[in-house]
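Here's the structure, in structure tokens; my notes come after.
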Amino acid sequence: MDNILEVRGLHARITGGREVLKGIDLTVAPGEVHAIMGPNGAGKSTLSSVLAGKPGYEVTDGSVLYKGVDLLAMPPDERAREGVFLAFQYPVEIPGVNNMYFLRAALNAGRRQRGQPELDAQQFLKAVKEKLKLLDIGDDLLRRAVNVGFSGGEKKRNEIFQMAMLEPNLALLDETDSGLDIDALRTVSDGVNRLRDPGRAIVMVTHYQRLLDYVVPDHVHVLADGRIVASGDKHFAAELERTGYAHLCDAA
Amino acid sequence: MLTTDDSAPFQEAYRQLLAGADQPDWLRSQRQAGMERFTALGFPTRRQEAWRFTDLDLLTAEPWRPNLDDTPSLTADLLEPWRLPGEANRLVLVNGRFDPYLSAIGALPDGVWLAPLAETVLRRPDVAAMAFGADGNAFAFLNAALFTDGAMLVLAPGTVLETPVEIIHYSMGDTHASAHPRLRVVLGAGARATLVETAVGDSNGWTNAVIDVTLGADAELTHVHIQGEGADAAHTSLLTAELGSQARYRTFAFITGACLSRRDMQIALSGPGAAFSLHGAYLLTGGQEATLAVRADHKAPDCRTEQVVKGVLQGAAHGVFLGKVAVRPGADGTDARQLNRNLLLSPSARVDTKPELEIFADEVKCSHGATVGSLDEAALFYLQARGIDPVTARSMLVAAFAADVIDAAGLDGDVDALLRRHLAHWLGGEGGLG
């Protein structure tokens with residue numbers, strides 16, 4: 001089977017600003033979980049933003065193939081409908097837009113793209129109830145406006161809940177562990193683990209080892225100064241915990 | 001002062017109306033008083049502070065002769081999109097004249113007078129007399145001189161009219177003519193009613209309406225104004241209201257029509273404990289201009305004013321919000337809040353917003369604020385990152401922005417549904433972001 005993601009020599013900069021990604025190579029196969037670690041400012045969040053198509057970045061060189069197709073040629077909404085999901089580090093509050101309404105619009109947009117019939121309100125509600133259990137989310141959260149008045153933990157859980165609903169092929173988790181206490185981290189991690197699937201790839205961007213104790217990756221990469229400077233298996237994360245990033249960053 | 005040339009078409013129509021066989025002497029003198037005040041004042045100009053932002057060239061450049069001929073009949077399907085869902089006592093005026101075929105006034109409880117103004121003049125001159133004599137601006141005086149019909153709603157003390165009253169003025173035809181509907185509402189002490197005042201059409205005419213409201217002690221009026229005039233039409237209206245002690249006046253203004261429109265609201269809170277609320281939205285596209293000018297005059301202690309008005313402006317549209325709260329000496333315990341928020345969706349859209357407080361009393365609680373902004377880019381990306389296309393994403397955010405003021409108004413059933421239907425219609429039509 002094709003790789004889900006093939007990043008080759010990716011260079012990107014903040015529009016009109018400095019270069020942040022300086023030649024990223026990354027291959028992700030279906031079913032795999034990759035962790036991308038590294039110091040602050042290394043370009044971790046930029047990588048997930050560029051892959052999701054967030055405005056404000058400019059790709060200056062390299063290519064990204066998603067399921068064999070040029071990902072960078074697609075606008076962000078099309079990437080999402082094709083199965084790319086970004087769990088935001090800072091989920092955005094959208095006053096006045098009901099969470100359920102929003103999610104149903106998102107889900108049906110994807111279904112239309114795939115030529116599937118849209119879910120009506122009842123079918124949608126049934127799907128919601130199944131996935132809610134997965135993440136220990138009360139349905140009151142869904143009746144509120146998108147992320148408005150949610151606690152930090154609720155926002156992150158809502159991201160994973162959306163991921164569960166949208167069933168992406170490629171999930172990019174941007175610092176999903178940041179700002180979570182240990183109980184919330186456990187809930188979110190359990191949710192992510194349940195979403196591991198032979199047809200799905202997950203790329204987790206994190207600053208801390210902590211998340212990797214709960215969601216054990218197949219591959220661990222260190223991103224420093226815009227390049228992947230080291231890669232290893234799941235044991236590599238524990239090694240990094242002992243040795244730190246400094247010697248790797250110097251090498252970069 | 002108007003020059004003779006400017007006012008000639010008005011003068012001609014005015015003389016024709018004065019000569020009408022059905023005009024009692026007292027009405028003739030009201031018309032005369034109106035014409036005298038109008039000719040003395042002339043149209044407002046931008047040199048007057050309150051009219052500084054309003055472009056009246058369209059109205060003053062060439063005359064808009066009142067149409068005194070018989071009005072072509074309107075088909076019910078043109079009215080359908082504007083009608084209140086559910087039951088209503090409906091009074092329809094077409095180009096300033098009452099249309100009995102489209103109107104439907106049900107059985108009214110004792111103590112309620114609801115009828116066209118012209119009919120009231122003939123049948124109940126004592127009631128009709130209440131429709132004249134209020135102070136106004138030049139447009140209102142012109143209306144007094146030139147009105148052909150209108151409506152009167154009078155409730156005796158303690159009367160409750162559960163079924164909403166819907167008064168629709170429809171402007172039709174390629175006429176470039178003016179219509180001057182006149183509406184008078186009087187609620188006696190403790191009376192309660194809901195009024196939907198709709199000004200719509202498909203013409204290039206000018207509607208110049210006057211609405212005068214008096215609420216007795218503890219009376220309650222919910223008043224929704226829908227302005228959806230044709231794209232080449234002009235609309236001016238002056239609303240005056242006087243609130244007795246503990247009276248409650250809740251208004252909503254929903255403005256999407258006309259290429260030039262201005263609604264003036266002058267609210268006198270005259271009795272202690274009176275409450276006035278205005279919620280509203282102006283949703284404009286293309287070259288539309290709309291002004292909402294509100295003055296709340298707190299003359300008595302412990303009165304409340306709440307104003308929440310939102311603007312959505314696309315294309316080269318121009319929105320103007322002028323909101324003044326005046327607190328007279330002795331109006332202690334005043335609680336007044338004003339908020340005007342605007343969403344500019346295009347670089348050439350403009351807004352002028354001027355919330356003002358004028359306080360001459362102690363112990364008052366007043367706040368005012370205005371914002372002008374664009375769509376939240378982070379929210380737009382968030383929606384797109386979930387697969388929602390940019391046009392739908394923008395529409396969702398605009399809908400949320402505007403629906404918020406309908407939520408805040410907290411109106412009941414049919415009236416709330418009417419506003420939401422109009423908002424959805426606008427978002428899917430003129431305000432469509434595709």
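A note on labels: chains of the structure tokens are A, B, ... as shown, every chain counts residues from 1, and ligands are counted from 1 in their shown order.
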
May I have the residues of chain A within 9 Å of chain B, counting only C-alpha atoms, written as a PyMOL selection string? chain A and resi 52-55+75-86+88+91-98+102-103+105-110+162+166

If we count only C-alpha atoms and set the cut-off at 7 Å, which residues sit around Asp218 (chain A), ignoring sequence neighbours fewer than 3 positions away in its own chain? Please answer as a VMD selection string. chain A and resid 32 to 34 233 to 234

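The nearest approach to Arg90 (chain B) among the residues B:Arg31, B:Lys299, B:His169, B:Arg420, with only C-alpha atoms taken into account, belongs to B:His169.
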
Find the residues near Val121 (chain B): any atom within 12 Å, counting only C-alpha atoms, skip ones fewer than 3 places away on the same chain, and give them as JSON, numbers by chain. {"B": [22, 23, 24, 25, 26, 27, 28, 115, 116, 117, 118, 124, 125, 126, 127, 128, 129, 130, 131, 132, 148, 149, 150, 151, 152]}

Can I get the selection written as a compact mmCIF listing (two decimals), in the first residue's frame, with C-alpha atoms?
# COMPACT_ATOMS: atom_id res chain seq x y z
CA ASP B 22 -63.40 63.62 2.28
CA GLN B 23 -61.10 65.98 4.15
CA PRO B 24 -62.60 67.43 7.33
CA ASP B 25 -61.50 70.93 8.24
CA TRP B 26 -59.41 69.81 11.22
CA LEU B 27 -57.44 67.50 8.95
CA ARG B 28 -56.89 70.28 6.42
CA ALA B 115 -58.21 50.35 11.35
CA PRO B 116 -56.70 52.25 8.43
CA LEU B 117 -56.12 55.90 9.26
CA ALA B 118 -58.33 57.24 6.44
CA ARG B 124 -63.86 58.13 14.54
CA PRO B 125 -62.42 61.65 14.12
CA ASP B 126 -61.86 61.81 17.88
CA VAL B 127 -59.51 58.81 17.63
CA ALA B 128 -57.93 59.98 14.38
CA ALA B 129 -57.03 63.33 15.93
CA MET B 130 -54.46 61.50 18.07
CA ALA B 131 -52.47 60.75 14.92
CA PHE B 132 -51.44 64.38 14.53
CA THR B 148 -52.86 59.29 2.02
CA ASP B 149 -53.43 56.58 4.58
CA GLY B 150 -51.89 54.67 7.43
CA ALA B 151 -53.05 52.78 10.46
CA MET B 152 -54.27 53.34 13.97

Here CA of Leu183 (chain B) and CA of Leu41 (chain B) stand apart by 22.5 Å
